[in-house]
file query_14.cif (mmCIF, C-alpha atoms)
data_structure
#
loop_
_atom_site.label_atom_id
_atom_site.label_comp_id
_atom_site.auth_asym_id
_atom_site.auth_seq_id
_atom_site.Cartn_x
_atom_site.Cartn_y
_atom_site.Cartn_z
CA MET A 180 0.00 0.00 0.00
CA SER A 181 2.56 2.53 1.14
CA ASN A 182 4.87 1.34 -1.58
CA SER A 183 2.37 2.09 -4.32
CA VAL A 184 1.71 5.53 -2.80
CA ARG A 185 5.43 6.20 -2.86
CA GLY A 186 5.57 4.93 -6.40
CA ASN A 187 2.77 7.31 -7.34
CA TYR A 188 4.65 10.27 -5.84
CA LEU A 189 7.74 9.24 -7.76
CA LEU A 190 5.80 8.89 -11.00
CA GLU A 191 4.07 12.22 -10.40
CA GLY A 192 7.46 13.89 -9.80
CA LEU A 193 8.84 12.38 -12.99
CA ARG A 194 5.78 13.48 -14.91
CA ARG A 195 6.16 17.06 -13.70
CA LEU A 196 9.85 17.11 -14.57
CA GLY A 197 9.10 15.82 -18.04
CA SER A 198 6.28 18.29 -18.49
CA VAL A 199 8.56 21.21 -17.49
CA ALA A 200 11.27 20.05 -19.89
CA LEU A 201 8.80 19.67 -22.76
CA PHE A 202 7.29 23.05 -21.94
CA LEU A 203 10.76 24.63 -22.13
CA LEU A 204 11.24 23.21 -25.62
CA GLN A 205 7.81 24.49 -26.67
CA LEU A 206 8.59 27.91 -25.24
CA LEU A 207 11.93 28.07 -27.03
CA ALA A 208 10.20 27.10 -30.26
CA GLY A 209 7.58 29.76 -29.63
CA SER A 210 10.14 32.40 -28.70
CA LEU A 211 11.25 33.15 -32.22
CA PRO A 212 7.72 33.93 -33.47
CA ALA A 213 7.19 35.94 -30.26
CA LEU A 214 10.00 38.23 -31.35
CA THR A 215 7.86 39.29 -34.29
CA ARG A 216 5.46 40.89 -31.81
CA PRO A 217 7.81 43.29 -29.98
CA ASP A 218 4.87 45.13 -28.39
CA LEU A 219 3.91 42.01 -26.43
CA LEU A 220 7.51 41.45 -25.40
CA LEU A 221 7.95 45.09 -24.39
CA LYS A 222 4.96 44.88 -22.07
CA GLN A 223 6.43 41.82 -20.37
CA ILE A 224 9.87 43.37 -19.98
CA TYR A 225 8.11 46.30 -18.37
CA ASN A 226 6.14 44.02 -16.04
CA ALA A 227 9.03 41.80 -15.04
CA GLY A 228 11.86 44.33 -15.16
CA ALA A 229 10.86 47.94 -14.84
CA ARG A 230 8.31 47.29 -12.12
CA SER A 231 10.87 45.29 -10.12
CA LEU A 232 13.37 48.15 -10.21
CA ILE A 233 12.45 49.75 -6.89
CA ILE A 234 12.55 46.52 -4.86
CA ILE A 235 15.81 45.47 -6.54
CA MET A 236 17.52 48.82 -5.97
CA LEU A 237 16.37 49.08 -2.36
CA SER A 238 17.43 45.50 -1.59
CA GLY A 239 20.75 46.00 -3.36
CA LEU A 240 21.50 49.10 -1.34
CA PHE A 241 20.82 47.40 1.98
CA VAL A 242 22.62 44.17 1.07
CA GLY A 243 25.64 46.26 0.08
CA MET A 244 25.48 48.26 3.29
CA VAL A 245 25.30 45.12 5.40
CA LEU A 246 28.25 43.70 3.46
CA GLY A 247 30.12 46.91 4.24
CA LEU A 248 29.41 46.63 7.96
CA GLN A 249 30.09 42.92 8.29
CA GLY A 250 33.10 42.98 6.00
CA TYR A 251 34.60 45.90 7.89
CA ASP A 252 34.06 44.23 11.25
CA LEU A 253 35.76 41.05 10.05
CA LEU A 254 38.61 42.64 8.10
CA GLN A 255 39.62 45.20 10.71
CA ARG A 256 40.51 42.31 13.02
CA PHE A 257 43.30 41.50 10.60
CA GLY A 258 44.14 45.13 9.98
CA SER A 259 43.19 44.92 6.33
CA GLU A 260 40.08 47.10 6.09
CA GLU A 261 41.21 48.26 2.67
CA ALA A 262 40.27 44.82 1.30
CA LEU A 263 36.62 45.70 2.04
CA GLY A 264 36.02 46.73 -1.56
CA ILE A 265 37.31 43.39 -2.84
CA ALA A 266 35.21 41.41 -0.39
CA ALA A 267 32.07 43.35 -1.20
CA ALA A 268 32.59 43.33 -4.97
CA LEU A 269 33.41 39.62 -5.21
CA GLY A 270 30.55 38.66 -2.92
CA LEU A 271 28.08 40.79 -4.82
CA LEU A 272 29.16 40.04 -8.37
CA ARG A 273 29.55 36.32 -8.02
CA GLU A 274 26.90 35.30 -5.51
CA LEU A 275 24.66 37.79 -3.81
CA ALA A 276 23.47 39.82 -6.76
CA PRO A 277 22.40 36.89 -8.99
CA VAL A 278 20.89 34.84 -6.15
CA ILE A 279 19.04 37.59 -4.29
CA THR A 280 17.81 39.11 -7.53
CA ALA A 281 16.47 35.71 -8.59
CA LEU A 282 14.76 35.18 -5.22
CA LEU A 283 13.21 38.66 -5.34
CA PHE A 284 12.24 38.10 -8.97
CA ALA A 285 10.50 34.85 -8.05
CA GLY A 286 8.58 36.63 -5.32
CA ARG A 287 7.80 39.83 -7.21
CA ALA A 288 7.46 38.87 -10.89
CA GLY A 289 7.17 35.06 -10.80
CA THR A 290 4.06 35.09 -8.65
CA ALA A 291 2.46 37.74 -10.86
CA LEU A 292 3.17 35.66 -13.96
CA ALA A 293 1.88 32.42 -12.46
CA SER A 294 -1.33 33.90 -11.07
CA GLU A 295 -2.01 35.92 -14.22
CA ILE A 296 -1.68 32.95 -16.55
CA GLY A 297 -3.39 30.68 -14.02
CA LEU A 298 -6.38 33.03 -13.90
CA MET A 299 -6.45 33.11 -17.70
CA ARG A 300 -6.61 29.34 -17.59
CA ALA A 301 -9.29 29.33 -14.88
CA THR A 302 -11.47 31.82 -16.78
CA ASP A 303 -11.06 29.82 -20.02
CA GLN A 304 -9.30 32.66 -21.82
CA LEU A 305 -6.56 30.29 -22.98
CA THR A 306 -9.15 27.82 -24.27
CA ALA A 307 -10.94 30.64 -26.09
CA MET A 308 -7.69 31.57 -27.81
CA GLU A 309 -7.17 27.99 -28.87
CA ILE A 310 -10.66 27.88 -30.32
CA MET A 311 -9.87 31.02 -32.32
CA ALA A 312 -6.78 29.25 -33.65
CA VAL A 313 -4.53 31.66 -31.73
CA ASP A 314 -1.71 29.76 -30.09
CA PRO A 315 -1.71 30.88 -26.42
CA LEU A 316 1.79 29.44 -26.03
CA ARG A 317 3.07 31.89 -28.60
CA TYR A 318 1.06 34.96 -27.55
CA VAL A 319 0.76 34.49 -23.78
CA ALA A 320 3.48 32.17 -22.50
CA ALA A 321 6.46 32.88 -24.76
CA PRO A 322 6.54 36.72 -24.39
CA ARG A 323 6.29 36.39 -20.61
CA PHE A 324 9.08 33.83 -20.53
CA LEU A 325 11.33 35.93 -22.78
CA GLY A 326 10.58 39.08 -20.80
CA GLY A 327 11.77 37.41 -17.61
CA VAL A 328 14.89 36.03 -19.27
CA ILE A 329 15.83 39.47 -20.62
CA ALA A 330 14.99 41.32 -17.41
CA MET A 331 16.96 39.14 -14.98
CA PRO A 332 20.58 39.91 -16.08
CA LEU A 333 19.78 43.63 -16.26
CA LEU A 334 18.25 43.58 -12.79
CA THR A 335 21.30 41.69 -11.52
CA ALA A 336 23.70 44.25 -12.98
CA ILE A 337 21.73 47.08 -11.34
CA PHE A 338 21.73 45.18 -8.05
CA SER A 339 25.52 44.74 -8.21
CA VAL A 340 26.28 48.39 -8.89
CA ILE A 341 23.87 49.70 -6.24
CA GLY A 342 25.19 47.15 -3.75
CA LEU A 343 28.76 48.18 -4.42
CA TYR A 344 27.86 51.80 -3.75
CA GLY A 345 26.05 50.69 -0.60
CA ALA A 346 29.21 48.98 0.62
CA GLN A 347 31.20 52.07 -0.30
CA LEU A 348 28.73 54.26 1.58
CA VAL A 349 29.24 52.32 4.81
CA GLY A 350 32.93 51.50 4.36
CA VAL A 351 34.18 54.89 3.22
CA GLN A 352 31.68 57.38 4.62
CA LEU A 353 30.88 55.68 7.90
CA MET A 354 33.90 53.54 8.76
CA GLY A 355 36.60 55.69 7.26
CA VAL A 356 38.22 53.32 4.77
CA ASP A 357 40.15 55.40 2.25
CA ARG A 358 38.06 55.98 -0.88
CA GLY A 359 40.97 55.69 -3.31
CA VAL A 360 42.16 52.48 -1.69
CA PHE A 361 38.64 51.04 -1.69
CA TRP A 362 38.23 51.50 -5.44
CA SER A 363 41.81 50.81 -6.55
CA GLN A 364 41.99 47.57 -4.56
CA THR A 365 38.62 46.56 -5.97
CA GLN A 366 39.65 47.35 -9.52
CA GLY A 367 42.89 45.46 -9.01
CA ALA A 368 41.15 42.33 -7.80
CA ILE A 369 38.09 42.13 -10.05
CA ASP A 370 38.44 40.95 -13.59
CA LEU A 371 35.98 40.36 -16.38
CA HIS A 372 35.71 36.72 -15.42
CA ASP A 373 33.93 37.63 -12.16
CA VAL A 374 31.46 39.85 -13.99
CA SER A 375 30.69 37.19 -16.57
CA GLU A 376 30.22 34.56 -13.87
CA GLY A 377 27.48 36.66 -12.31
CA MET A 378 25.87 37.35 -15.66
CA VAL A 379 25.85 33.69 -16.73
CA LYS A 380 24.32 32.78 -13.39
CA SER A 381 21.63 35.41 -13.67
CA LEU A 382 20.79 34.30 -17.20
CA VAL A 383 20.38 30.70 -16.03
CA PHE A 384 18.30 31.84 -13.04
CA GLY A 385 16.22 33.98 -15.39
CA VAL A 386 15.43 30.96 -17.56
CA ALA A 387 14.70 28.78 -14.52
CA CYS A 388 12.48 31.25 -12.64
CA SER A 389 10.53 32.39 -15.71
CA LEU A 390 10.06 28.82 -16.90
CA ILE A 391 8.70 27.66 -13.56
CA ALA A 392 6.37 30.64 -13.22
CA VAL A 393 4.94 30.35 -16.73
CA HIS A 394 4.68 26.57 -16.49
CA GLU A 395 2.90 26.59 -13.14
CA GLY A 396 0.43 29.18 -14.37
CA TYR A 397 -0.14 27.50 -17.69
CA HIS A 398 -0.79 24.11 -16.11
CA ALA A 399 -2.68 25.35 -13.06
CA GLU A 400 -5.92 23.70 -11.97
CA PRO A 401 -8.65 25.94 -13.40
CA THR A 402 -10.00 26.80 -9.95
CA ALA A 403 -9.36 29.56 -7.44
CA GLU A 404 -7.52 27.08 -5.27
CA GLY A 405 -5.49 25.87 -8.24
CA VAL A 406 -4.29 29.38 -9.03
CA GLY A 407 -3.23 29.90 -5.41
CA LEU A 408 -1.43 26.57 -5.40
CA ALA A 409 0.35 27.44 -8.66
CA THR A 410 1.56 30.73 -7.15
CA THR A 411 2.87 29.02 -4.03
CA ARG A 412 4.59 26.33 -6.04
CA THR A 413 6.23 28.97 -8.21
CA VAL A 414 7.92 30.66 -5.25
CA VAL A 415 8.97 27.42 -3.58
CA ALA A 416 10.28 25.73 -6.72
CA SER A 417 12.01 28.86 -8.06
CA SER A 418 13.78 29.57 -4.76
CA VAL A 419 14.98 26.01 -4.24
CA LEU A 420 16.03 25.59 -7.86
CA THR A 421 17.89 28.92 -7.79
CA LEU A 422 19.93 27.94 -4.76
CA LEU A 423 20.60 24.47 -6.14
CA LEU A 424 21.65 25.78 -9.55
CA ASP A 425 23.82 28.36 -7.81
CA TYR A 426 25.84 25.62 -6.16
CA VAL A 427 26.23 23.72 -9.42
CA LEU A 428 27.26 26.83 -11.35
CA THR A 429 29.67 27.98 -8.66
CA ALA A 430 31.33 24.56 -8.66
CA ALA A 431 31.55 24.70 -12.45
CA PHE A 432 33.08 28.19 -12.47
CA LEU A 433 35.68 27.79 -9.72
CA MET B 200 -2.27 55.34 -26.03
CA ARG B 201 -1.44 57.15 -22.82
CA ALA B 202 -0.78 53.87 -20.96
CA ASN B 203 1.34 52.62 -23.83
CA ARG B 204 3.54 55.72 -23.57
CA THR B 205 4.31 55.31 -19.87
CA LEU B 206 4.96 51.64 -20.50
CA GLU B 207 7.50 52.44 -23.18
CA ILE B 208 9.19 55.12 -21.08
CA GLY B 209 9.35 52.80 -18.07
CA THR B 210 10.82 49.96 -20.11
CA GLY B 211 13.28 52.35 -21.76
CA LEU B 212 14.41 53.61 -18.36
CA PHE B 213 14.84 50.07 -17.07
CA VAL B 214 16.81 48.86 -20.09
CA LEU B 215 18.98 52.00 -20.03
CA LEU B 216 19.73 51.57 -16.33
CA GLY B 217 20.47 47.89 -16.82
CA PHE B 218 22.91 48.46 -19.63
CA ALA B 219 24.52 51.38 -17.82
CA ALA B 220 25.12 49.07 -14.85
CA LEU B 221 26.50 46.38 -17.16
CA LEU B 222 28.79 48.92 -18.81
CA PHE B 223 30.05 50.04 -15.42
CA LEU B 224 30.71 46.47 -14.32
CA THR B 225 32.56 45.51 -17.48
CA THR B 226 34.59 48.65 -18.15
CA GLN B 227 35.02 50.57 -14.91
CA LEU B 228 35.41 47.82 -12.37
CA PRO B 229 38.17 45.60 -13.78
CA ALA B 230 41.54 47.33 -13.81
CA SER B 231 42.02 46.26 -17.42
CA GLY B 232 38.96 48.22 -18.51
CA LEU B 233 38.70 51.71 -19.94
CA LYS B 234 38.72 54.57 -17.48
CA PHE B 235 36.90 57.76 -18.12
CA GLY B 236 36.98 59.91 -15.02
CA GLY B 237 36.87 63.68 -15.23
CA ALA B 238 40.08 65.62 -14.70
CA LYS B 239 40.52 66.21 -10.98
CA VAL B 240 41.62 69.42 -9.36
CA GLY B 241 44.93 69.77 -7.57
CA TYR B 242 48.55 69.88 -8.60
CA HIS B 243 50.75 67.05 -9.79
CA VAL B 244 54.23 66.15 -8.57
CA THR B 245 56.43 63.27 -9.69
CA ALA B 246 58.76 61.02 -7.71
CA GLU B 247 61.05 58.23 -8.88
CA PHE B 248 61.29 54.96 -7.05
CA ASP B 249 63.46 51.89 -7.60
CA ASP B 250 60.58 49.64 -6.65
CA VAL B 251 56.95 50.58 -6.06
CA GLY B 252 55.83 47.16 -4.84
CA ASP B 253 52.09 46.85 -5.29
CA LEU B 254 51.42 50.58 -5.08
CA LYS B 255 48.37 51.29 -7.22
CA VAL B 256 46.74 54.25 -8.89
CA GLY B 257 44.45 55.70 -6.22
CA SER B 258 46.70 54.74 -3.30
CA PRO B 259 46.80 57.51 -0.69
CA VAL B 260 49.66 59.95 -0.13
CA THR B 261 49.94 61.01 3.49
CA MET B 262 51.97 63.24 5.76
CA SER B 263 51.79 62.67 9.51
CA GLY B 264 49.08 60.14 8.76
CA VAL B 265 46.79 62.71 7.14
CA ARG B 266 45.76 62.15 3.54
CA LEU B 267 47.05 64.96 1.31
CA GLY B 268 46.46 63.41 -2.09
CA GLU B 269 46.67 60.23 -4.09
CA VAL B 270 48.76 58.42 -6.66
CA SER B 271 47.36 59.47 -10.03
CA ALA B 272 49.67 57.55 -12.37
CA ILE B 273 52.52 55.04 -12.28
CA ARG B 274 54.71 54.59 -15.33
CA PHE B 275 58.06 53.05 -16.15
CA ASP B 276 61.04 55.16 -17.18
CA PRO B 277 62.97 53.08 -19.74
CA LYS B 278 66.12 55.25 -19.43
CA ASP B 279 66.79 54.93 -15.71
CA TYR B 280 64.81 51.71 -15.25
CA LYS B 281 62.84 53.36 -12.51
CA ALA B 282 59.18 53.71 -11.70
CA VAL B 283 57.88 57.25 -12.04
CA VAL B 284 54.95 57.91 -9.74
CA THR B 285 52.74 60.94 -10.30
CA ILE B 286 51.12 62.26 -7.15
CA ARG B 287 48.08 64.51 -7.19
CA PHE B 288 47.91 66.76 -4.15
CA ASN B 289 44.62 68.27 -3.05
CA PRO B 290 44.73 72.01 -3.75
CA GLN B 291 44.33 73.03 -0.10
CA TYR B 292 47.70 71.47 0.75
CA GLY B 293 49.83 73.89 -1.21
CA GLN B 294 52.68 74.40 1.25
CA ILE B 295 54.71 71.23 1.24
CA PRO B 296 58.51 71.83 1.33
CA ASP B 297 60.15 70.74 -1.92
CA ASP B 298 62.85 68.76 -0.13
CA SER B 299 60.30 66.49 1.52
CA TYR B 300 61.11 62.81 1.72
CA ALA B 301 58.78 60.23 0.15
CA SER B 302 58.75 56.59 1.15
CA ILE B 303 56.46 53.73 0.20
CA GLN B 304 54.95 52.14 3.26
CA THR B 305 52.52 49.37 4.05
CA GLN B 306 49.20 49.66 5.87
CA GLY B 307 49.15 47.01 8.55
CA LEU B 308 51.20 43.88 8.15
CA LEU B 309 49.85 42.71 4.79
CA GLY B 310 47.78 45.73 3.76
CA GLY B 311 47.99 47.89 0.67
CA LYS B 312 50.86 50.29 -0.03
CA TYR B 313 50.78 54.04 0.40
CA ILE B 314 53.26 56.90 0.12
CA GLY B 315 54.28 58.54 3.37
CA LEU B 316 55.86 62.00 3.20
CA SER B 317 58.23 63.44 5.81
CA PRO B 318 58.49 67.23 5.70
CA GLY B 319 61.81 68.84 4.75
CA GLY B 320 63.08 72.22 5.91
CA SER B 321 63.04 74.15 2.66
CA ASP B 322 61.26 77.48 2.29
CA THR B 323 60.19 76.76 -1.28
CA TYR B 324 57.15 74.60 -1.80
CA LEU B 325 56.27 71.82 -4.21
CA LYS B 326 54.31 73.08 -7.17
CA ASP B 327 52.72 71.62 -10.26
CA GLY B 328 55.31 69.65 -12.23
CA SER B 329 58.07 69.60 -9.61
CA ARG B 330 59.87 66.47 -8.54
CA ILE B 331 60.50 64.86 -5.15
CA ASP B 332 64.18 63.86 -5.17
CA GLN B 333 64.51 61.95 -1.95
CA THR B 334 62.61 58.70 -2.11
CA GLN B 335 62.70 55.31 -0.51
CA SER B 336 61.35 52.26 -2.30
CA ALA B 337 58.82 49.79 -1.07
CA ILE B 338 60.11 47.18 1.29
CA VAL B 339 59.25 43.84 -0.22
CA LEU B 340 58.86 41.26 2.51
CA GLU B 341 60.12 38.40 0.33
CA SER B 342 63.38 40.16 -0.51
CA ILE B 343 64.08 40.78 3.16
CA ILE B 344 63.47 37.12 3.92
CA ASN B 345 65.70 36.14 0.99
CA LYS B 346 68.48 38.42 2.23
CA PHE B 347 68.16 37.01 5.69
CA PHE B 348 68.45 33.43 4.48
CA ALA B 349 71.32 34.32 2.12
CA SER B 350 73.34 35.89 4.91
CA TYR B 351 72.47 33.07 7.27
CA SER B 352 73.53 30.32 4.87
CA SER B 353 76.78 32.11 3.93
CA LYS B 354 77.62 32.27 7.62
CA GLY B 355 76.64 28.64 8.00
CA SER B 356 79.07 27.55 5.26
CA GLY B 357 82.00 29.06 7.21
CA GLU B 358 83.76 26.94 9.87
CA GLY B 359 81.48 26.42 12.81
CA GLY B 360 79.40 29.37 11.72
CA ALA B 361 76.14 27.62 12.31
CA GLY B 362 77.34 26.45 15.68
CA ASP B 363 78.32 30.02 16.55
CA ALA B 364 74.97 31.34 15.55
CA GLN B 365 73.25 28.73 17.62
CA GLY B 366 75.51 29.46 20.54
CA LYS B 367 74.67 33.14 20.25
CA ALA B 368 70.99 32.36 20.06
CA THR B 369 71.14 30.29 23.22
CA ASP B 370 73.29 32.98 24.85
CA ASN B 371 70.66 35.57 24.07
CA SER B 372 67.87 33.46 25.40
CA GLY B 373 69.88 32.83 28.50
CA LYS B 374 70.33 36.57 28.96
CA ALA B 375 66.65 37.19 28.38
CA GLU B 376 65.86 34.69 31.07
CA SER B 377 68.36 36.12 33.50
CA HIS B 378 66.85 39.57 32.94
CA LYS B 379 63.53 38.28 34.15
#
call {"tool": "encode", "arguments": {"input": "query_14.cif", "output": "structure tokens"}}
result
Amino acid sequence: MSNSVRGNYLLEGLRRLGSVALFLLQLLAGSLPALTRPDLLLKQIYNAGARSLIIIMLSGLFVGMVLGLQGYDLLQRFGSEEALGIAAALGLLRELAPVITALLFAGRAGTALASEIGLMRATDQLTAMEIMAVDPLRYVAAPRFLGGVIAMPLLTAIFSVIGLYGAQLVGVQLMGVDRGVFWSQTQGAIDLHDVSEGMVKSLVFGVACSLIAVHEGYHAEPTAEGVGLATTRTVVASSVLTLLLDYVLTAAFL
Amino acid sequence: MRANRTLEIGTGLFVLLGFAALLFLTTQLPASGLKFGGAKVGYHVTAEFDDVGDLKVGSPVTMSGVRLGEVSAIRFDPKDYKAVVTIRFNPQYGQIPDDSYASIQTQGLLGGKYIGLSPGGSDTYLKDGSRIDQTQSAIVLESIINKFFASYSSKGSGEGGAGDAQGKATDNSGKAESHK
């Protein structure tokens, strides 16, 4: 009895994995035609990117400031406060900016995507499109997916820069690290490789988070409860997958 | 129409900000990237050093521990095989004797390098384009260790040198103990 239940869970998990993978292929196939409707794409970049700007900038500032405080406290024990810029820049570029941006994106934009598409499914809008021979995958799902994928690296770059200035604000203005040393040490230690690591990560997270959000919404139960469940699942799955992928990518890059 | 306009402006702002941040990260942050900073005020003075260690552009220049300016350029002089460091002094510090002594020092044990100035006694002051003649190079920890080992091993190769050194060491420790 319990064995068959476990087997069912396993099968259900496999089915979901397969359905996500297939959906990704369908989305990628639908992405090229979606590019012929730039107005749809623009709206989604606005929804996923521009409307996440405030939360990303505010979070970036505070994460950077905390890095400045903690980094200073740790480094001054070894008498090397001037390495604060390096610590903050490496931490932000490689890890914190891509991961926190992805987590915030999942909470801010992912939920909106999942519930929007889920509600379209629940109110039969997607079915209506199908009846009219309009492919909802191409006109609803693909632009939203692409919008998220485009927005994520840009949001991450903004997060990094704001965070770096946050760390500088605390380190230089508050704690008295020399400004010239802060920036020259940072510039000496950071190379293009670190920047590209963060950007590759954020691109992968962008694909993962957008895919999960659009998939959950698209395949939501067409009920009020189903839409809620899809939204919850989006946040949980995106967050866990982001952190898991982050470990894999970090191991691959080091 | 109205809503479409704000949407386009918002998206434009977001994309512009994003690419500006990307540009900053790729060109301004790595030392290999392009630098476009505005010309800064102050006056420039050069100093030649045999060895600048890991002195960097932006490293502070201090006198009595107070920051007077920063290193604005480091280049190599192929004639004398020396490093020529250009220092930018903040304009409010205009009265630094021109026979001041510049030495490259280290912040903390393993920290970054900076230039420390000791005031001279001259009545004429450094001005834009003048040169600091008296300089002392960076002390590189590895070279000191190398010198120490070189002198130690050359002593050791002499007759009973190592034994002497050991005897001295034990002598010293004995003294230290007797002092207590």
call {"tool": "resolve_selection", "arguments": {"input": "query_14.cif", "expression": "the PyMOL selection byres ((chain A) within 9 of (chain B))", "output": "VMD selection string"}}
result
chain A and resid 221 to 222 224 to 226 228 to 230 232 257 to 262 272 330 332 to 341 357 to 371 374 to 375
call {"tool": "atom_distance", "arguments": {"input": "query_14.cif", "atom1": "atom CA of A:Arg216", "atom2": "atom CA of A:Val313"}}
result
13.6 Å
call {"tool": "residues_near_point", "arguments": {"input": "query_14.cif", "point": "(60.5, 70.1, 0.9)", "cutoff": "9 Å", "atoms": "only C-alpha atoms", "output": "list of chain:residue names"}}
result
B:Gln294, B:Ile295, B:Pro296, B:Asp297, B:Asp298, B:Ser299, B:Tyr300, B:Ser317, B:Pro318, B:Gly319, B:Gly320, B:Ser321, B:Asp322, B:Thr323, B:Tyr324, B:Leu325, B:Ile331
call {"tool": "residues_around", "arguments": {"input": "query_14.cif", "residues": "stretch 246-256 of chain A", "least_positions_apart": "2", "cutoff": "7 Å", "atoms": "all atoms listed in the file", "output": "PDB file with C-alpha atoms, in the coordinates of the input"}}
result
ATOM      1  CA  VAL A 242      22.620  44.170   1.070  1.00  0.00           C
ATOM      2  CA  GLY A 243      25.640  46.260   0.080  1.00  0.00           C
ATOM      3  CA  MET A 244      25.480  48.260   3.290  1.00  0.00           C
ATOM      4  CA  GLY A 258      44.140  45.130   9.980  1.00  0.00           C
ATOM      5  CA  SER A 259      43.190  44.920   6.330  1.00  0.00           C
ATOM      6  CA  GLU A 260      40.080  47.100   6.090  1.00  0.00           C
ATOM      7  CA  LEU A 263      36.620  45.700   2.040  1.00  0.00           C
ATOM      8  CA  ALA A 266      35.210  41.410  -0.390  1.00  0.00           C
ATOM      9  CA  ALA A 267      32.070  43.350  -1.200  1.00  0.00           C
ATOM     10  CA  ALA A 346      29.210  48.980   0.620  1.00  0.00           C
ATOM     11  CA  GLN A 347      31.200  52.070  -0.300  1.00  0.00           C
ATOM     12  CA  VAL A 349      29.240  52.320   4.810  1.00  0.00           C
ATOM     13  CA  GLY A 350      32.930  51.500   4.360  1.00  0.00           C
TER      14      GLY A 350
END
call {"tool": "atom_distance", "arguments": {"input": "query_14.cif", "atom1": "atom CA of A:Met308", "atom2": "atom CA of A:Glu400"}}
result
17.8 Å
call {"tool": "closest_residue", "arguments": {"input": "query_14.cif", "among": "A:Gly355, A:Gly377, A:Pro217, A:Gly192", "to": "A:Ala276", "atoms": "all atoms listed in the file"}}
result
A:Gly377
call {"tool": "atom_distance", "arguments": {"input": "query_14.cif", "atom1": "atom CA of A:Phe324", "atom2": "atom CA of A:Leu343"}}
result
29.2 Å
call {"tool": "residues_around", "arguments": {"input": "query_14.cif", "residues": "A:Ser294", "least_positions_apart": "5", "cutoff": "12 Å", "atoms": "all atoms listed in the file", "output": "ChimeraX atom specification"}}
result
/A:286-289,299-302,392-414
